[in-house]
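Have a look at target.txt below; it lists compact mmCIF, C-alpha atoms.
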# COMPACT_ATOMS: atom_id res chain seq x y z
CA MET A 1 -2.62 23.09 -5.78
CA ALA A 2 -5.59 23.69 -3.49
CA ILE A 3 -7.75 21.34 -5.57
CA LEU A 4 -5.07 18.64 -5.43
CA LEU A 5 -4.56 18.94 -1.66
CA THR A 6 -8.31 18.97 -1.01
CA SER A 7 -8.79 15.91 -3.24
CA ILE A 8 -5.99 14.02 -1.47
CA LEU A 9 -7.41 14.98 1.94
CA LEU A 10 -10.89 13.78 0.96
CA HIS A 11 -9.37 10.57 -0.42
CA GLU A 12 -7.65 9.89 2.91
CA LEU A 13 -10.81 10.80 4.82
CA GLY A 14 -12.51 8.15 2.70
CA HIS A 15 -10.05 5.61 4.11
CA ALA A 16 -10.81 6.91 7.61
CA TRP A 17 -14.53 6.54 6.95
CA GLY A 18 -13.91 2.93 5.86
CA CYS A 19 -12.21 2.36 9.21
CA LEU A 20 -14.89 4.03 11.29
CA ILE A 21 -17.87 2.22 9.74
CA GLN A 22 -16.14 -1.04 10.65
CA GLY A 23 -15.46 0.09 14.23
CA ILE A 24 -11.72 0.58 13.69
CA PRO A 25 -10.45 3.67 15.55
CA VAL A 26 -8.39 6.13 13.49
CA ASN A 27 -5.29 7.73 15.03
CA ARG A 28 -4.68 10.36 12.39
CA VAL A 29 -4.88 11.31 8.73
CA VAL A 30 -1.60 12.68 7.35
CA LEU A 31 -0.84 14.54 4.13
CA TYR A 32 2.72 14.75 2.80
CA GLY A 33 4.50 15.58 -0.45
CA GLY A 34 3.73 12.25 -2.11
CA GLY A 35 0.13 11.87 -0.98
CA GLY A 36 -1.15 10.86 2.42
CA PHE A 37 -2.19 8.04 4.67
CA CYS A 38 -4.78 7.09 7.26
CA GLU A 39 -3.31 5.53 10.39
CA HIS A 40 -5.59 3.27 12.41
CA ARG A 41 -5.08 2.09 15.99
CA ARG A 42 -5.16 -1.63 15.42
CA SER A 43 -4.20 -4.15 12.78
CA THR A 44 -6.88 -5.02 10.29
CA SER A 45 -7.81 -8.25 8.58
CA SER A 46 -7.61 -8.57 4.81
CA TYR A 47 -11.41 -8.41 4.70
CA GLU A 48 -11.48 -5.14 6.67
CA ASP A 49 -8.63 -3.79 4.57
CA GLU A 50 -10.56 -4.33 1.35
CA LEU A 51 -13.21 -1.76 2.32
CA ILE A 52 -10.72 0.64 3.92
CA VAL A 53 -8.51 0.64 0.83
CA ALA A 54 -11.39 0.87 -1.65
CA MET A 55 -12.96 3.89 0.06
CA GLY A 56 -10.20 6.31 -1.05
CA PRO A 57 -10.63 5.74 -4.79
CA ILE A 58 -14.42 5.55 -4.33
CA VAL A 59 -14.31 9.11 -2.91
CA ASN A 60 -12.22 10.26 -5.90
CA LEU A 61 -14.65 8.63 -8.35
CA THR A 62 -17.59 10.23 -6.53
CA LEU A 63 -15.95 13.68 -6.77
CA TRP A 64 -15.25 13.07 -10.47
CA ALA A 65 -18.87 12.08 -11.11
CA LEU A 66 -20.36 14.98 -9.14
CA CYS A 67 -18.14 17.63 -10.73
CA SER A 68 -18.70 16.17 -14.21
CA LEU A 69 -22.47 16.18 -13.71
CA LEU A 70 -22.58 19.72 -12.27
CA GLU A 71 -20.23 21.43 -14.75
CA PRO A 72 -22.69 21.71 -17.69
CA PHE A 73 -25.16 23.59 -15.47
CA VAL A 74 -22.67 26.21 -14.22
CA THR A 75 -22.75 29.62 -15.93
CA SER A 76 -19.60 31.06 -14.33
CA PRO A 77 -16.47 30.26 -16.39
CA GLU A 78 -14.29 30.32 -13.27
CA LEU A 79 -16.47 27.85 -11.39
CA GLY A 80 -16.78 25.73 -14.54
CA TRP A 81 -12.99 25.60 -14.78
CA VAL A 82 -12.72 24.55 -11.11
CA LEU A 83 -15.25 21.76 -11.65
CA VAL A 84 -13.51 20.49 -14.81
CA VAL A 85 -10.08 20.51 -13.17
CA THR A 86 -11.47 18.86 -10.02
CA ALA A 87 -13.19 16.17 -12.11
CA GLN A 88 -10.12 15.42 -14.23
CA LEU A 89 -7.77 15.43 -11.26
CA ASN A 90 -9.96 13.08 -9.23
CA LEU A 91 -10.37 10.68 -12.14
CA PHE A 92 -6.58 10.62 -12.53
CA LEU A 93 -6.10 10.06 -8.78
CA ALA A 94 -8.58 7.17 -8.77
CA VAL A 95 -7.05 5.46 -11.81
CA PHE A 96 -3.44 6.06 -10.73
CA ASN A 97 -4.17 4.87 -7.18
CA MET A 98 -5.62 1.61 -8.50
CA LEU A 99 -2.36 0.53 -10.15
CA PRO A 100 -1.51 -2.81 -8.49
CA LEU A 101 1.70 -1.43 -6.95
CA MET A 102 2.43 -1.04 -3.26
CA PRO A 103 1.88 1.29 -1.42
CA LEU A 104 -0.83 2.53 -3.79
CA ASP A 105 -4.40 1.50 -3.00
CA GLY A 106 -4.46 -0.83 -6.00
CA GLY A 107 -1.41 -2.69 -4.65
CA ARG A 108 -2.93 -2.96 -1.19
CA LEU A 109 -6.27 -4.12 -2.59
CA PHE A 110 -4.50 -6.59 -4.89
CA HIS A 111 -2.65 -8.01 -1.87
CA ALA A 112 -5.85 -8.21 0.20
CA VAL A 113 -7.71 -10.04 -2.57
CA LEU A 114 -4.77 -12.42 -3.07
CA ASN A 115 -4.96 -13.20 0.66
CA ARG A 116 -8.46 -14.62 0.02
CA MET A 117 -7.11 -17.05 -2.58
CA VAL A 118 -3.64 -18.11 -1.42
CA LYS A 119 -1.56 -18.28 1.75
CA PRO A 120 -0.51 -14.84 3.06
CA VAL A 121 3.18 -15.43 2.34
CA THR A 122 2.35 -16.39 -1.26
CA ALA A 123 0.10 -13.34 -1.61
CA THR A 124 2.95 -11.13 -0.42
CA ARG A 125 5.39 -12.72 -2.87
CA ILE A 126 3.00 -12.30 -5.80
CA ALA A 127 2.23 -8.69 -4.88
CA GLY A 128 5.96 -8.04 -4.48
CA LEU A 129 6.73 -9.53 -7.90
CA VAL A 130 4.05 -7.38 -9.53
CA GLY A 131 5.57 -4.39 -7.73
CA LEU A 132 9.04 -5.17 -9.07
CA ILE A 133 7.69 -5.47 -12.59
CA GLY A 134 5.89 -2.14 -12.12
CA VAL A 135 9.10 -0.44 -10.98
CA ALA A 136 10.98 -1.94 -13.93
CA LEU A 137 8.34 -0.51 -16.30
CA TRP A 138 8.15 2.82 -14.45
CA LEU A 139 11.66 3.94 -15.38
CA PRO A 140 11.22 3.57 -19.17
CA MET A 141 7.83 5.28 -18.86
CA ILE A 142 9.50 8.30 -17.22
CA VAL A 143 11.94 8.56 -20.15
CA PHE A 144 9.09 8.11 -22.66
CA ALA A 145 7.00 10.85 -20.99
CA TYR A 146 9.97 13.23 -20.94
CA GLU A 147 10.96 12.57 -24.56
CA ASN A 148 7.42 12.73 -25.98
CA PHE A 149 5.61 15.19 -23.71
CA GLY A 150 8.42 17.21 -22.13
CA PHE A 151 7.64 16.49 -18.51
CA VAL A 152 8.97 14.23 -15.81
CA PHE A 153 6.45 12.36 -13.70
CA LEU A 154 8.11 10.73 -10.73
CA PHE A 155 6.65 8.81 -7.83
CA PHE A 156 8.92 7.83 -5.01
CA PRO A 157 6.87 6.95 -1.92
CA PRO A 158 8.48 7.81 1.40
CA LEU A 159 10.76 5.07 2.69
CA LEU A 160 9.44 5.54 6.22
CA ARG A 161 5.96 4.46 5.14
CA HIS A 162 7.38 1.30 3.49
CA TRP A 163 9.32 0.51 6.64
CA HIS A 164 6.20 1.03 8.78
CA MET A 165 4.11 -1.21 6.49
CA LEU A 166 6.72 -3.98 6.46
CA ARG A 167 7.18 -3.81 10.22
CA HIS A 168 3.45 -4.31 10.79
CA ALA A 169 2.85 -6.85 7.98
CA GLN A 170 0.88 -9.93 8.95
CA TYR A 171 2.24 -13.17 7.52
Can the structure in the file be given as structure tokens, please?
Amino acid sequence: MAILLTSILLHELGHAWGCLIQGIPVNRVVLYGGGGFCEHRRSTSSYEDELIVAMGPIVNLTLWALCSLLEPFVTSPELGWVLVVTAQLNLFLAVFNMLPLMPLDGGRLFHAVLNRMVKPVTATRIAGLVGLIGVALWLPMIVFAYENFGFVFLFFPPLLRHWHMLRHAQY
């Protein structure tokens, strides 16, 4: 649990770093049961958002690479286990976060890139449609995972965050 929370915190600090290097003040970084978020003080453009959003998964991929590279040189089994678990967990977080579904980073990045190619309202509609398809596929995947692997993997992002994102959406 400590590895997961640390990885999520570093992921969110990556978003904060993306804000700060672009001169965007950060209000706070928050962790909660379903992940976390980085709250900045002002609205961002799609171009600014691309770097901010990408920095979280980049941090996870960096942690994966570092832990994977260091693990073969470690002689302690306990530390080796920590490095392997940290590497695997961060690779999973990076890949999962890049699914093109809101509010995941992949969904936000997908929306930001669409904004470069089409009108903002069209970008939002396309991203929303992809999100609906993702939700429709998510439910059968949960049943498949339970039936074949014996576990339930659910992801229900907090409604408050969705409300906050919609309230501050730029169209």
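CA of Leu101 (chain A) is positioned 6.7 Å from CA of Gly134 (chain A).
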When you look at Leu51 (chain A) with a cut-off of 9 Å (counting all atoms listed in the file), what residues show up, excluding the ones that are within fewer than 6 positions of it in the same chain? I need them as a PDB file with C-alpha atoms, keeping the file's coordinate frame.
ATOM      1  CA  HIS A  15     -10.050   5.610   4.110  1.00  0.00           C
ATOM      2  CA  GLY A  18     -13.910   2.930   5.860  1.00  0.00           C
ATOM      3  CA  CYS A  19     -12.210   2.360   9.210  1.00  0.00           C
ATOM      4  CA  GLN A  22     -16.140  -1.040  10.650  1.00  0.00           C
ATOM      5  CA  LEU A 109      -6.270  -4.120  -2.590  1.00  0.00           C
TER       6      LEU A 109
END
For region 120-125 of chain A, list every protein, DNA or RNA residue within 9 Å, evaluated using all atoms listed in the file, and leave out those in the same chain fewer than 4 positions away; present the list as a list in words.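 Close residues of region 120-125 of chain A: Phe110, His111, Ala112, Val113, Leu114, Asn115, Arg116, Leu129, Val130, Gln170 and Tyr171 of chain A.
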Which distance in Å separates CA of Ile3 (chain A) and CA of Pro140 (chain A), to one decimal? 29.3 Å
Kindly indicate which residue among A:Val26, A:Leu4, A:Ala65, A:Ile133 lies nearest to Arg41 (chain A), using only C-alpha atoms for the distances.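 Closest to Arg41 (chain A) of all the choices is A:Val26.
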Pick out the residues sitting within 12 Å of Ile58 (chain A), and hand them over as a ChimeraX atom specification; count all atoms listed in the file, and ignore anything fewer than 2 positions along from it in its own chain. /A:7,10-15,17-18,51-56,60-65,90-91,93-95,97-98,105-106
Every residue with an atom at most 12 Å from (-3.4, 10.0, 11.7) (file coordinates; only C-alpha atoms) is what I'm after, so could you write them as a tab-separated table (two decimals) with C-alpha atoms, in the frame of the given file?
chain	number	residue	atom	x	y	z
A	9	LEU	CA	-7.41	14.98	1.94
A	12	GLU	CA	-7.65	9.89	2.91
A	13	LEU	CA	-10.81	10.80	4.82
A	15	HIS	CA	-10.05	5.61	4.11
A	16	ALA	CA	-10.81	6.91	7.61
A	19	CYS	CA	-12.21	2.36	9.21
A	25	PRO	CA	-10.45	3.67	15.55
A	26	VAL	CA	-8.39	6.13	13.49
A	27	ASN	CA	-5.29	7.73	15.03
A	28	ARG	CA	-4.68	10.36	12.39
A	29	VAL	CA	-4.88	11.31	8.73
A	30	VAL	CA	-1.60	12.68	7.35
A	31	LEU	CA	-0.84	14.54	4.13
A	32	TYR	CA	2.72	14.75	2.80
A	36	GLY	CA	-1.15	10.86	2.42
A	37	PHE	CA	-2.19	8.04	4.67
A	38	CYS	CA	-4.78	7.09	7.26
A	39	GLU	CA	-3.31	5.53	10.39
A	40	HIS	CA	-5.59	3.27	12.41
A	41	ARG	CA	-5.08	2.09	15.99
So how far away is CA of Cys67 (chain A) from CA of Thr86 (chain A), in Å?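 About the pair CA of Thr86 (chain A) and CA of Cys67 (chain A): they are 6.8 Å apart.
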A:Leu20, A:Leu104, A:Val59, A:Ala145: which is nearest Ile8 (chain A), counting only C-alpha atoms? A:Val59
Counting only C-alpha atoms, the residue of A:Met1, A:Ser46, A:Ala136, A:Leu66 that sits nearest Met117 (chain A):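 Under the stated criterion, the closest residue is A:Ser46.
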Using only C-alpha atoms, can you tell me which of A:Leu70, A:Ala87, A:Met102, A:Val118 comes closest to Leu132 (chain A)?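 Among the listed residues, the smallest separation from Leu132 (chain A) belongs to A:Met102.
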